[in-house]
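S.K.: Got a structure for you, query-v4.cif, holding mmCIF, C-alpha atoms and all ligand atoms.
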data_entry
loop_
_atom_site.group_PDB
_atom_site.id
_atom_site.type_symbol
_atom_site.label_atom_id
_atom_site.label_comp_id
_atom_site.auth_asym_id
_atom_site.auth_seq_id
_atom_site.Cartn_x
_atom_site.Cartn_y
_atom_site.Cartn_z
ATOM 1 C CA MET A 1 32.399 30.667 -9.367
ATOM 2 C CA ALA A 2 32.813 27.067 -8.205
ATOM 3 C CA ILE A 3 30.174 24.633 -9.397
ATOM 4 C CA LEU A 4 28.830 22.762 -6.415
ATOM 5 C CA THR A 5 27.361 19.328 -6.926
ATOM 6 C CA GLY A 6 25.370 17.225 -4.470
ATOM 7 C CA ILE A 7 28.560 15.486 -3.380
ATOM 8 C CA ASN A 8 30.480 18.497 -2.125
ATOM 9 C CA LYS A 9 27.553 20.455 -0.721
ATOM 10 C CA VAL A 10 27.169 20.875 3.025
ATOM 11 C CA LYS A 11 24.614 18.403 4.372
ATOM 12 C CA THR A 12 21.916 20.491 5.994
ATOM 13 C CA ALA A 13 18.843 19.893 8.160
ATOM 14 C CA VAL A 14 16.013 22.429 8.321
ATOM 15 C CA PHE A 15 13.959 22.594 11.525
ATOM 16 C CA ILE A 16 10.336 23.773 11.231
ATOM 17 C CA SER A 17 7.139 23.922 13.288
ATOM 18 C CA GLY A 18 4.626 25.536 10.915
ATOM 19 C CA ASN A 19 4.010 26.579 7.309
ATOM 20 C CA GLY A 20 7.544 26.074 6.093
ATOM 21 C CA SER A 21 7.596 28.864 3.499
ATOM 22 C CA ASN A 22 11.254 29.514 4.378
ATOM 23 C CA LEU A 23 11.927 25.787 4.087
ATOM 24 C CA ASN A 24 10.440 25.884 0.580
ATOM 25 C CA SER A 25 12.666 28.779 -0.432
ATOM 26 C CA LEU A 26 15.741 27.081 1.051
ATOM 27 C CA ILE A 27 14.993 23.837 -0.803
ATOM 28 C CA LYS A 28 14.650 25.724 -4.089
ATOM 29 C CA PHE A 29 17.901 27.559 -3.415
ATOM 30 C CA SER A 30 19.692 24.327 -2.431
ATOM 31 C CA LYS A 31 18.913 22.818 -5.820
ATOM 32 C CA SER A 32 20.801 25.506 -7.718
ATOM 33 C CA SER A 33 24.446 24.894 -8.602
ATOM 34 C CA LYS A 34 25.456 28.050 -6.721
ATOM 35 C CA SER A 35 24.097 26.778 -3.431
ATOM 36 C CA PRO A 36 26.723 25.567 -0.925
ATOM 37 C CA ILE A 37 24.136 23.442 0.910
ATOM 38 C CA SER A 38 22.097 20.368 0.163
ATOM 39 C CA ILE A 39 19.014 19.758 2.298
ATOM 40 C CA LYS A 40 19.014 16.190 3.507
ATOM 41 C CA LEU A 41 16.570 16.290 6.374
ATOM 42 C CA ILE A 42 13.498 18.137 7.635
ATOM 43 C CA ILE A 43 12.918 18.061 11.398
ATOM 44 C CA SER A 44 9.693 19.165 13.068
ATOM 45 C CA ASN A 45 8.533 19.154 16.676
ATOM 46 C CA ASN A 46 4.958 19.350 15.359
ATOM 47 C CA SER A 47 3.488 16.414 13.451
ATOM 48 C CA LYS A 48 0.826 18.720 11.990
ATOM 49 C CA ALA A 49 3.258 21.289 10.588
ATOM 50 C CA LYS A 50 2.112 22.174 7.061
ATOM 51 C CA GLY A 51 5.717 22.495 5.991
ATOM 52 C CA LEU A 52 6.188 18.743 6.408
ATOM 53 C CA ASN A 53 4.412 18.381 3.048
ATOM 54 C CA TYR A 54 7.587 19.639 1.358
ATOM 55 C CA SER A 55 9.169 16.357 2.377
ATOM 56 C CA LYS A 56 6.899 14.512 -0.043
ATOM 57 C CA ILE A 57 7.014 17.142 -2.773
ATOM 58 C CA PHE A 58 10.819 17.269 -2.859
ATOM 59 C CA ARG A 59 11.519 13.728 -1.593
ATOM 60 C CA ILE A 60 13.482 14.844 1.432
ATOM 61 C CA LYS A 61 13.602 12.694 4.541
ATOM 62 C CA LYS A 62 11.529 14.015 7.477
ATOM 63 C CA LYS A 63 11.455 13.261 11.193
ATOM 64 C CA VAL A 64 8.994 14.433 13.816
ATOM 65 C CA ILE A 65 10.504 14.654 17.291
ATOM 66 C CA ASN A 66 8.247 15.855 20.062
ATOM 67 C CA PHE A 67 9.441 14.388 23.358
ATOM 68 C CA ARG A 68 8.653 16.572 26.366
ATOM 69 C CA ASN A 69 11.719 15.463 28.257
ATOM 70 C CA THR A 70 14.680 17.616 27.153
ATOM 71 C CA LYS A 71 17.280 14.853 27.524
ATOM 72 C CA THR A 72 15.211 12.391 25.520
ATOM 73 C CA PHE A 73 14.538 15.058 22.883
ATOM 74 C CA ASP A 74 18.228 16.004 22.636
ATOM 75 C CA ASN A 75 19.467 12.421 22.466
ATOM 76 C CA LYS A 76 16.990 11.439 19.776
ATOM 77 C CA LEU A 77 17.725 14.575 17.769
ATOM 78 C CA ILE A 78 21.506 14.203 18.022
ATOM 79 C CA SER A 79 21.380 10.567 16.964
ATOM 80 C CA ILE A 80 19.188 11.373 13.913
ATOM 81 C CA LEU A 81 21.490 14.226 12.898
ATOM 82 C CA LYS A 82 24.581 12.032 13.296
ATOM 83 C CA ASN A 83 23.050 9.128 11.352
ATOM 84 C CA ASN A 84 22.313 11.518 8.489
ATOM 85 C CA LYS A 85 25.780 13.118 8.683
ATOM 86 C CA ILE A 86 24.239 16.558 9.107
ATOM 87 C CA GLU A 87 26.822 19.367 9.130
ATOM 88 C CA MET A 88 24.605 22.424 9.334
ATOM 89 C CA ILE A 89 21.212 23.310 10.825
ATOM 90 C CA CYS A 90 18.848 26.026 9.570
ATOM 91 C CA LEU A 91 16.027 26.953 11.911
ATOM 92 C CA ALA A 92 13.036 28.188 9.938
ATOM 93 C CA GLY A 93 10.073 28.929 12.164
ATOM 94 C CA PHE A 94 11.113 26.291 14.698
ATOM 95 C CA MET A 95 9.112 27.139 17.809
ATOM 96 C CA LYS A 96 10.915 24.990 20.361
ATOM 97 C CA ILE A 97 13.826 26.452 22.264
ATOM 98 C CA LEU A 98 16.893 24.246 21.840
ATOM 99 C CA SER A 99 18.808 23.259 24.960
ATOM 100 C CA LYS A 100 22.206 24.766 25.833
ATOM 101 C CA TYR A 101 23.665 21.270 25.608
ATOM 102 C CA PHE A 102 22.399 20.815 22.048
ATOM 103 C CA ILE A 103 23.533 24.263 20.949
ATOM 104 C CA ARG A 104 27.012 23.666 22.371
ATOM 105 C CA LYS A 105 27.239 20.363 20.486
ATOM 106 C CA PHE A 106 26.526 22.103 17.166
ATOM 107 C CA SER A 107 28.235 25.341 18.053
ATOM 108 C CA GLY A 108 28.697 27.637 15.045
ATOM 109 C CA LYS A 109 26.638 25.338 12.854
ATOM 110 C CA ILE A 110 23.106 26.501 13.707
ATOM 111 C CA ILE A 111 21.553 29.550 12.076
ATOM 112 C CA ASN A 112 18.079 31.068 12.407
ATOM 113 C CA ILE A 113 15.840 33.542 10.639
ATOM 114 C CA HIS A 114 13.971 36.033 12.789
ATOM 115 C CA PRO A 115 11.260 38.456 11.619
ATOM 116 C CA SER A 116 12.653 41.702 13.045
ATOM 117 C CA LEU A 117 15.713 43.900 12.851
ATOM 118 C CA LEU A 118 17.589 42.330 15.751
ATOM 119 C CA PRO A 119 18.539 43.277 18.426
ATOM 120 C CA LYS A 120 15.091 44.893 18.326
ATOM 121 C CA TYR A 121 12.090 42.677 19.046
ATOM 122 C CA LYS A 122 13.561 39.376 20.137
ATOM 123 C CA GLY A 123 11.020 36.629 20.814
ATOM 124 C CA LEU A 124 7.425 36.402 19.630
ATOM 125 C CA ASN A 125 4.842 38.802 18.092
ATOM 126 C CA THR A 126 7.523 40.941 16.503
ATOM 127 C CA HIS A 127 5.258 42.585 13.897
ATOM 128 C CA LYS A 128 2.556 43.416 16.423
ATOM 129 C CA ARG A 129 5.093 45.055 18.740
ATOM 130 C CA ALA A 130 6.732 47.013 15.902
ATOM 131 C CA LEU A 131 3.323 48.365 14.858
ATOM 132 C CA ILE A 132 2.297 49.281 18.422
ATOM 133 C CA ASN A 133 5.580 51.168 18.797
ATOM 134 C CA LYS A 134 4.914 53.000 15.520
ATOM 135 C CA GLU A 135 8.241 51.926 14.035
ATOM 136 C CA LYS A 136 8.991 53.336 10.581
ATOM 137 C CA TYR A 137 10.937 50.239 9.595
ATOM 138 C CA SER A 138 11.069 46.584 10.479
ATOM 139 C CA GLY A 139 12.610 43.640 8.659
ATOM 140 C CA CYS A 140 14.298 40.306 9.118
ATOM 141 C CA THR A 141 17.613 38.953 10.364
ATOM 142 C CA VAL A 142 19.598 35.780 9.796
ATOM 143 C CA HIS A 143 21.888 35.060 12.737
ATOM 144 C CA TYR A 144 23.944 32.353 14.394
ATOM 145 C CA VAL A 145 22.214 30.622 17.280
ATOM 146 C CA ASN A 146 23.778 30.811 20.715
ATOM 147 C CA SER A 147 22.324 29.944 24.097
ATOM 148 C CA ARG A 148 20.594 33.345 24.504
ATOM 149 C CA LEU A 149 17.327 33.815 22.584
ATOM 150 C CA ASP A 150 17.748 35.609 19.233
ATOM 151 C CA SER A 151 21.111 37.011 20.371
ATOM 152 C CA GLY A 152 23.769 35.271 18.261
ATOM 153 C CA LYS A 153 26.049 37.031 15.786
ATOM 154 C CA ILE A 154 24.132 38.666 12.946
ATOM 155 C CA ILE A 155 24.927 37.373 9.443
ATOM 156 C CA LEU A 156 22.594 39.516 7.319
ATOM 157 C CA GLN A 157 19.586 41.799 7.717
ATOM 158 C CA LYS A 158 16.997 43.297 5.390
ATOM 159 C CA ARG A 159 15.079 46.442 6.251
ATOM 160 C CA VAL A 160 11.438 46.865 5.215
ATOM 161 C CA LYS A 161 9.464 50.122 5.314
ATOM 162 C CA ILE A 162 6.267 50.064 7.350
ATOM 163 C CA SER A 163 3.491 51.855 5.447
ATOM 164 C CA LYS A 164 0.792 54.074 6.913
ATOM 165 C CA ASN A 165 -2.025 51.544 6.814
ATOM 166 C CA GLU A 166 0.119 48.562 7.642
ATOM 167 C CA THR A 167 -1.537 45.691 9.526
ATOM 168 C CA GLU A 168 0.069 42.687 11.170
ATOM 169 C CA LYS A 169 -1.080 40.599 8.216
ATOM 170 C CA THR A 170 0.333 42.857 5.500
ATOM 171 C CA LEU A 171 3.603 43.327 7.368
ATOM 172 C CA THR A 172 3.981 39.568 7.900
ATOM 173 C CA ARG A 173 3.514 38.987 4.170
ATOM 174 C CA LYS A 174 5.857 41.816 3.197
ATOM 175 C CA ILE A 175 8.626 40.614 5.503
ATOM 176 C CA LEU A 176 8.215 36.935 4.554
ATOM 177 C CA ILE A 177 8.899 37.835 0.903
ATOM 178 C CA GLN A 178 12.203 39.368 2.040
ATOM 179 C CA GLU A 179 12.955 36.421 4.350
ATOM 180 C CA HIS A 180 12.787 34.069 1.377
ATOM 181 C CA LYS A 181 15.564 36.054 -0.324
ATOM 182 C CA LEU A 182 17.602 36.824 2.775
ATOM 183 C CA TYR A 183 18.053 33.261 4.062
ATOM 184 C CA PRO A 184 19.770 31.982 0.872
ATOM 185 C CA GLU A 185 21.861 35.181 0.689
ATOM 186 C CA ALA A 186 23.018 34.706 4.275
ATOM 187 C CA ILE A 187 23.997 31.095 3.595
ATOM 188 C CA SER A 188 26.007 32.152 0.550
ATOM 189 C CA LYS A 189 27.691 34.803 2.694
ATOM 190 C CA ILE A 190 28.704 32.248 5.325
ATOM 191 C CA PHE A 191 30.510 30.238 2.649
ATOM 192 C CA ASN A 192 31.986 33.364 1.018
ATOM 193 C CA LEU A 193 30.091 32.814 -2.208
HETATM 194 C C1 LIG B 1 9.138 33.396 9.829
HETATM 195 O O1 LIG B 1 8.608 34.681 9.939
HETATM 196 C C2 LIG B 1 10.465 33.301 10.531
HETATM 197 O O2 LIG B 1 11.200 34.477 10.483
HETATM 198 C C3 LIG B 1 10.056 33.007 11.945
HETATM 199 O O3 LIG B 1 8.939 32.149 11.834
HETATM 200 C C4 LIG B 1 8.293 32.368 10.574
HETATM 201 C C5 LIG B 1 8.240 31.052 9.884
HETATM 202 O O4 LIG B 1 7.496 31.103 8.704
HETATM 203 N N1 LIG B 1 11.147 32.475 12.714
HETATM 204 P P1 LIG B 1 7.506 29.866 7.707
HETATM 205 O O5 LIG B 1 7.101 28.637 8.510
HETATM 206 O O6 LIG B 1 8.884 29.731 7.141
HETATM 207 O O7 LIG B 1 6.492 30.199 6.649
#
Represent the structure contained in this file as structure tokens.
Ligand code: GRF
M.R.:
Amino acid sequence: MAILTGINKVKTAVFISGNGSNLNSLIKFSKSSKSPISIKLIISNNSKAKGLNYSKIFRIKKKVINFRNTKTFDNKLISILKNNKIEMICLAGFMKILSKYFIRKFSGKIINIHPSLLPKYKGLNTHKRALINKEKYSGCTVHYVNSRLDSGKIILQKRVKISKNETEKTLTRKILIQEHKLYPEAISKIFNL
């Protein structure tokens, strides 16, 4: 297996809005020699996102961008990404919908993690809906981002069994544990590692 150093790793930005547990797992993965990516930038649309603390812990540059106006948001974001020579974007609990213009600009370079077995349960409250529908299984999906919500090409999925007494809280925790493994695996898959 090729040894990847900081120099030849793909410069990556992770976009977050909340806790950033997936960001944490991606940072840890990125530091291993088998990771094809190096995380250079953390972007958040929420200045209070807990996950922003990982910027300090791991000394990774962070930027908060929260303009209401889509054009202003896009322009600012694109210029920050260009200045930092970002080549790949990982969405990890980023709650703002990216514009078609932005997605086109970074076409094929944006991936996302979603807490359901897509194409089932696109959008929000996935665990709640899976429980209401008495699903036997749920899980998580890493997929490319296109202009339709949670509809891009699937890279990798992990199925999780829903137990009898499952609650939204226990299912969230159970699936998050799998998300933290799946996201790095999906990135390795993209680069054929
Ligand atoms: C995860 O469940 C992810 O699949 C979804 O948002 C959640 C983010 O969690 N898109 P965290 O901020 O990574 O802890």
S.K.: Quick one: distance from atom CA of A:Phe94 to atom CA of A:Val10 in Å, one decimal?
M.R.: 20.6 Å
S.K.: Enumerate as an mmCIF file with C-alpha atoms, in the frame of the given file the residues within 8 Å of ligand LIG 1 (chain B), counting only C-alpha atoms and all ligand atoms.
M.R.:
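Everything below was put into out09.cif:
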data_model
loop_
_atom_site.group_PDB
_atom_site.id
_atom_site.type_symbol
_atom_site.label_atom_id
_atom_site.label_comp_id
_atom_site.auth_asym_id
_atom_site.auth_seq_id
_atom_site.Cartn_x
_atom_site.Cartn_y
_atom_site.Cartn_z
ATOM 1 C CA ILE A 16 10.336 23.773 11.231
ATOM 2 C CA SER A 17 7.139 23.922 13.288
ATOM 3 C CA GLY A 18 4.626 25.536 10.915
ATOM 4 C CA ASN A 19 4.010 26.579 7.309
ATOM 5 C CA GLY A 20 7.544 26.074 6.093
ATOM 6 C CA SER A 21 7.596 28.864 3.499
ATOM 7 C CA ASN A 22 11.254 29.514 4.378
ATOM 8 C CA LEU A 23 11.927 25.787 4.087
ATOM 9 C CA ASN A 24 10.440 25.884 0.580
ATOM 10 C CA GLY A 51 5.717 22.495 5.991
ATOM 11 C CA LEU A 91 16.027 26.953 11.911
ATOM 12 C CA ALA A 92 13.036 28.188 9.938
ATOM 13 C CA GLY A 93 10.073 28.929 12.164
ATOM 14 C CA PHE A 94 11.113 26.291 14.698
ATOM 15 C CA MET A 95 9.112 27.139 17.809
ATOM 16 C CA ASN A 112 18.079 31.068 12.407
ATOM 17 C CA ILE A 113 15.840 33.542 10.639
ATOM 18 C CA HIS A 114 13.971 36.033 12.789
ATOM 19 C CA PRO A 115 11.260 38.456 11.619
ATOM 20 C CA SER A 116 12.653 41.702 13.045
ATOM 21 C CA CYS A 140 14.298 40.306 9.118
ATOM 22 C CA THR A 141 17.613 38.953 10.364
ATOM 23 C CA THR A 172 3.981 39.568 7.900
ATOM 24 C CA ILE A 175 8.626 40.614 5.503
ATOM 25 C CA LEU A 176 8.215 36.935 4.554
ATOM 26 C CA GLU A 179 12.955 36.421 4.350
#
S.K.: Assuming the chain letters and numbering stay as they are in my file, what does the PyMOL selection byres (((chain A and resi 191-193) around 10) and not hetatm) actually select? List them as a list in words.
M.R.: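 Applied to this file, the PyMOL selection byres (((chain A and resi 191-193) around 10) and not hetatm) returns Met1, Ala2, Val10, Lys34, Ser35, Pro36, Ile37, Glu185, Ala186, Ile187, Ser188, Lys189 and Ile190 of chain A.
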S.K.: Which of these, A:Lys76, A:Leu182, A:Leu149, A:Asn53, has the shortest distance to A:Leu124 once you count all atoms listed in the file?
M.R.: A:Leu149
S.K.: Rank A:Ile162, A:Ala13, A:Ile155, A:Val64 by their smallest atom-to-atom distance to A:Lys48, using only C-alpha atoms, and report the top residue only.
M.R.: A:Val64
S.K.: So what do you get for atom CA of A:Phe106 versus atom CA of A:Met88, distance-wise?
M.R.: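 Going from atom CA of A:Phe106 over to atom CA of A:Met88, I get 8.1 Å.
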S.K.: What are the centre and edge lengths in Å, to one decimal, of the axis-aligned box around all listed atoms of stretch 21-36 of chain A with 6 Å added on each side, as JSON?
M.R.:
{"center_x": 17.2, "center_y": 26.2, "center_z": -2.1, "size_x": 31.1, "size_y": 18.7, "size_z": 25.0}
S.K.: Find the distance between atom CA of A:Ser38 and atom CA of A:Thr12 and write it in Å to one decimal.
M.R.: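 Result for atom CA of A:Ser38 versus atom CA of A:Thr12: 5.8 Å, one decimal.
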S.K.: Applied to this file, what does the PyMOL selection byres (((chain A and resi 109) around 8) and not hetatm) return in terms of residues, put as a PyMOL selection string?
M.R.: chain A and resi 87-89+106-108+110-111+144
S.K.: Please check which residues have atoms at most 12 Å from (17.0, 8.6, 11.7) in the file's coordinates, counting all atoms listed in the file, and write them as a PyMOL selection string.
M.R.: chain A and resi 13+40-43+61-65+75-86
S.K.: Using the chain letters and numbers from the file, give me the residues hit by the PyMOL selection byres (((chain A and resi 121) around 12) and not hetatm), as a PyMOL selection string.
M.R.: chain A and resi 114-120+122-133+135+138-141+149-151
S.K.: Include C-alpha atoms and write out the residues we just selected as a compact mmCIF listing (two decimals), in the frame of the given file.
M.R.:
# COMPACT_ATOMS: atom_id res chain seq x y z
CA HIS A 114 13.97 36.03 12.79
CA PRO A 115 11.26 38.46 11.62
CA SER A 116 12.65 41.70 13.04
CA LEU A 117 15.71 43.90 12.85
CA LEU A 118 17.59 42.33 15.75
CA PRO A 119 18.54 43.28 18.43
CA LYS A 120 15.09 44.89 18.33
CA LYS A 122 13.56 39.38 20.14
CA GLY A 123 11.02 36.63 20.81
CA LEU A 124 7.42 36.40 19.63
CA ASN A 125 4.84 38.80 18.09
CA THR A 126 7.52 40.94 16.50
CA HIS A 127 5.26 42.58 13.90
CA LYS A 128 2.56 43.42 16.42
CA ARG A 129 5.09 45.06 18.74
CA ALA A 130 6.73 47.01 15.90
CA LEU A 131 3.32 48.36 14.86
CA ILE A 132 2.30 49.28 18.42
CA ASN A 133 5.58 51.17 18.80
CA GLU A 135 8.24 51.93 14.04
CA SER A 138 11.07 46.58 10.48
CA GLY A 139 12.61 43.64 8.66
CA CYS A 140 14.30 40.31 9.12
CA THR A 141 17.61 38.95 10.36
CA LEU A 149 17.33 33.82 22.58
CA ASP A 150 17.75 35.61 19.23
CA SER A 151 21.11 37.01 20.37
S.K.: From the set A:Lys28, A:Lys50, A:Arg104, A:Lys96, which residue has the shortest atom-to-atom contact distance to A:Phe67, counting all atoms listed in the file?
M.R.: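 Under the stated criterion, the closest residue is A:Lys96.
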S.K.: Closest to A:Ser147 among A:Glu166, A:Ile97, A:Arg159, A:Cys90, using all atoms listed in the file?
M.R.: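 Comparing A:Glu166, A:Ile97, A:Arg159, A:Cys90 against A:Ser147, the winner is A:Ile97.
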S.K.: Give the answer as one residue: which of A:Lys174, A:Ile103, A:Thr167, A:Ile27 has the shortest atom-to-atom distance to A:Arg59, using only C-alpha atoms?
M.R.: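 The shortest atom-to-atom distance to A:Arg59 comes from A:Ile27.
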S.K.: Quick one: residues within 9 Å of A:Lys100, all atoms listed in the file, excluding same-chain residues fewer than 5 positions away - as a list in words?
M.R.: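 What passes the distance filter is Lys105, Asn146, Ser147 and Arg148 of chain A.
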